[in-house]
Amino acid sequence: MESSGVRTLGVTWGRLSCASVRLQGDMMKVLGTLLRLFLNWTIINRFFEKWGAGKPLVREGVTPLDQMLDDAAAAGKPLRVMWVAAHPDDESFLGSVLAKASLKCKGPLHLVVLTHGEGGETGKLPEVEEKGLAEVRRSELDEVVKLYNATLSIRRYFNASLPTDSFPYRHDLAAMWAKDGDPATYIANEIRAFRPDVVLTFSPKYGATGHPEHQLASRFTTQAIRMAADANSELEGEPHTVQHTYYMLAKYWLLRIGQMKPDPLPYTETFDLRQPCVDGRRCVDVMADNTRPHRTQNNDMALMRTVNQVFYKQYLHKCDPFTEMEDPYEEWNVRGMG
Ligand SMILES: [Zn+2]
């Protein structure tokens, strides 16, 4: 009896110990989750948000893009979305929105990219030696385009080489690009062919990071939107008026701790990065996963994947390209990332 009693006690104790360990493990998980939520939402994000993003420019009666995408998909006519950028990895800046538009809402998505990014980092990959950076980055982008279920049109305008303080001035870059064919005409033809409801691009004065080629992509895009709508412009195809144009703004507070400045434009709306997207992943997770094919850019992409764990909003500025005009050739004597 005694041995049996001891054995029973031992087994019971053992079970209790296991239960206790399990309880502790579960408790730790719960505590960890609570702490993360607390840090993410309550203190850091809420407290620092205004410091990072400033006040919104409130426009009454404007439906945010996030809502429009849902409404259009629910009505069985998902929005046609076009993203115009300078470099083969730029879609990562707005990947969560692109993932929702294409993968969640099942709308057509078209990416227009102006350079092959041959001035960027090589990631020290042997294939770059073999094929050249332009070709490798192009094939990396092709993989990403498949992940977003998108289509792609890419040009090979000049891409300024690192370091950033050796970049030509923005207006000089614009002139160099134009020598290879007017970028606005190229984008306008893409608009007439794809006929987007929504065009997304960088902001014209800062361009997410201060990169002059991001700013030019934005400036040529809004010029192209005006050209595409103009029945008198010498373009292929029928005129098309883009109904909704947005600049993505990098205004997240965390970016201000690094070297990045906040975009001077106020935001008019935000997009929820943590909303469910596809395959049980949130939009921000899809964006992070879809950065992986950019192997040559792994330094930047790894950083992007890490900081996006804290991001929960994408700031957007809805612009009117017919009244808010920013000349790509405007003289801007600031070198590098300005
Ligand atoms: Zn870029």
# chains A, B, ... in the order shown; residues from 1 in each chain; ligands from 1
>>> closest_atom_pairs(of="chain A", to="ligand 1", cutoff="6 Å", atoms="only C-alpha atoms and all ligand atoms", output="tab-separated table")
residue	atom	partner	partner_atom_place_in_ligand_line	distance
A:Ala86	CA	ligand 1	1 (Zn)	5.8
A:His87	CA	ligand 1	1 (Zn)	4.6
A:Asp90	CA	ligand 1	1 (Zn)	4.8
>>> select_by_dssp(residues="stretch 298-327 of chain A", states="strand (DSSP E)", output="ChimeraX atom specification")
/A:313-319
>>> residues_around(residues="stretch 266-282 of chain A", least_positions_apart="3", cutoff="7 Å", atoms="only C-alpha atoms", output="MDAnalysis selection string")
chainID A and resid 55:59 64 66 96 100 103:104 285:286 312:318
>>> atom_distance(atom1="atom CA of A:Asp142", atom2="atom CA of A:Ile154")
10.2 Å
>>> residues_around(residues="stretch 128-137 of chain A", least_positions_apart="6", cutoff="9 Å", atoms="only C-alpha atoms", output="ChimeraX atom specification")
/A:88-89,115-122,156,294-297
>>> select_by_dssp(residues="stretch 261-297 of chain A", states="alpha helix (DSSP H)", output="ChimeraX atom specification")
/A:283-289
>>> residues_around(residues="A:Pro204", least_positions_apart="2", cutoff="7 Å", atoms="only C-alpha atoms", output="MDAnalysis selection string")
chainID A and resid 202 206:207 215:216 218:219 326
>>> residues_around(residues="A:Arg292", least_positions_apart="2", cutoff="10 Å", atoms="only C-alpha atoms", output="PyMOL selection string")
chain A and resi 140+143-144+287-290+294-298+301-302+305
>>> residues_around(residues="A:Arg192", least_positions_apart="3", cutoff="7 Å", atoms="only C-alpha atoms", output="ChimeraX atom specification")
/A:188-189,195,228,237-240
>>> closest_residue(among="A:Met27, A:Leu65, A:Met82, A:Val112", to="A:Ser153", atoms="only C-alpha atoms")
A:Val112
>>> closest_residue(among="A:Arg335, A:Arg226, A:His211, A:His110", to="A:Gln243", atoms="only C-alpha atoms")
A:Arg226
>>> atom_distance(atom1="atom CA of A:Ser139", atom2="atom CA of A:Ala175")
27.5 Å
>>> closest_residue(among="A:Gly107, A:Gly54, A:Gly61, A:Gly210", to="A:Ala74", atoms="only C-alpha atoms")
A:Gly107
>>> closest_residue(among="A:Pro78, A:Thr209, A:Leu200, A:Thr185", to="A:Lys251", atoms="only C-alpha atoms")
A:Thr209
>>> decode(residues="stretch 130-226 of chain A", atoms="C-alpha atoms", output="compact mmCIF listing (two decimals), in the first residue's frame")
# COMPACT_ATOMS: atom_id res chain seq x y z
CA GLU A 130 27.93 36.50 -64.18
CA LYS A 131 24.82 38.24 -65.47
CA GLY A 132 25.10 41.82 -64.21
CA LEU A 133 22.99 43.44 -61.51
CA ALA A 134 20.31 44.79 -63.87
CA GLU A 135 19.42 41.34 -65.15
CA VAL A 136 19.51 39.72 -61.72
CA ARG A 137 17.27 42.40 -60.21
CA ARG A 138 14.88 42.08 -63.12
CA SER A 139 14.55 38.32 -62.52
CA GLU A 140 14.09 38.91 -58.78
CA LEU A 141 11.23 41.29 -59.61
CA ASP A 142 9.69 38.71 -61.95
CA GLU A 143 9.44 36.32 -58.98
CA VAL A 144 7.83 39.01 -56.83
CA VAL A 145 5.34 39.88 -59.57
CA LYS A 146 4.19 36.23 -59.57
CA LEU A 147 3.75 36.27 -55.79
CA TYR A 148 1.47 39.32 -56.10
CA ASN A 149 -0.35 37.75 -59.07
CA ALA A 150 0.41 40.97 -60.94
CA THR A 151 1.54 42.05 -64.38
CA LEU A 152 4.70 44.09 -65.01
CA SER A 153 5.98 46.72 -67.38
CA ILE A 154 9.60 47.74 -66.78
CA ARG A 155 11.93 50.22 -68.50
CA ARG A 156 15.63 50.66 -68.17
CA TYR A 157 16.06 54.34 -67.44
CA PHE A 158 19.34 55.37 -65.82
CA ASN A 159 19.69 54.36 -62.16
CA ALA A 160 22.14 56.47 -60.13
CA SER A 161 24.87 54.42 -58.44
CA LEU A 162 25.60 54.39 -54.76
CA PRO A 163 26.92 56.19 -52.74
CA THR A 164 23.94 58.53 -52.50
CA ASP A 165 26.03 61.73 -52.36
CA SER A 166 27.26 60.97 -55.88
CA PHE A 167 23.71 61.06 -57.30
CA PRO A 168 23.06 63.64 -60.04
CA TYR A 169 20.59 66.40 -59.17
CA ARG A 170 16.94 65.43 -59.53
CA HIS A 171 16.31 67.73 -62.51
CA ASP A 172 19.44 66.36 -64.22
CA LEU A 173 18.20 62.81 -63.68
CA ALA A 174 14.85 63.82 -65.21
CA ALA A 175 16.63 65.15 -68.28
CA MET A 176 18.77 61.98 -68.55
CA TRP A 177 15.65 59.84 -68.43
CA ALA A 178 13.84 61.97 -71.00
CA LYS A 179 16.70 61.43 -73.48
CA ASP A 180 15.71 57.75 -73.51
CA GLY A 181 12.07 58.59 -74.22
CA ASP A 182 9.63 60.72 -72.23
CA PRO A 183 8.82 58.79 -69.00
CA ALA A 184 5.41 60.50 -68.72
CA THR A 185 4.43 59.29 -72.20
CA TYR A 186 5.54 55.75 -71.31
CA ILE A 187 3.48 55.75 -68.08
CA ALA A 188 0.51 57.42 -69.81
CA ASN A 189 0.46 54.65 -72.44
CA GLU A 190 0.51 52.08 -69.62
CA ILE A 191 -2.46 53.87 -68.01
CA ARG A 192 -4.44 53.88 -71.24
CA ALA A 193 -3.69 50.19 -71.80
CA PHE A 194 -4.38 48.95 -68.24
CA ARG A 195 -7.10 51.52 -67.39
CA PRO A 196 -6.66 51.58 -63.61
CA ASP A 197 -9.25 52.81 -61.10
CA VAL A 198 -6.44 53.52 -58.65
CA VAL A 199 -2.85 54.68 -59.20
CA LEU A 200 -0.38 54.45 -56.34
CA THR A 201 3.08 55.99 -56.33
CA PHE A 202 5.61 57.82 -54.17
CA SER A 203 5.19 61.39 -52.94
CA PRO A 204 6.71 64.08 -55.19
CA LYS A 205 8.73 66.04 -52.63
CA TYR A 206 10.27 63.31 -50.51
CA GLY A 207 9.51 59.91 -52.03
CA ALA A 208 9.60 57.70 -48.90
CA THR A 209 13.37 57.88 -48.43
CA GLY A 210 14.44 61.14 -50.08
CA HIS A 211 15.59 59.27 -53.20
CA PRO A 212 15.35 61.65 -56.18
CA GLU A 213 14.31 58.80 -58.50
CA HIS A 214 11.32 58.02 -56.24
CA GLN A 215 10.33 61.70 -56.45
CA LEU A 216 10.66 61.61 -60.23
CA ALA A 217 8.54 58.45 -60.50
CA SER A 218 5.82 60.36 -58.66
CA ARG A 219 6.15 63.54 -60.73
CA PHE A 220 6.13 61.72 -64.07
CA THR A 221 3.16 59.62 -62.91
CA THR A 222 0.88 62.57 -62.13
CA GLN A 223 1.93 64.18 -65.40
CA ALA A 224 1.07 60.88 -67.13
CA ILE A 225 -2.36 60.75 -65.47
CA ARG A 226 -3.17 64.17 -66.96
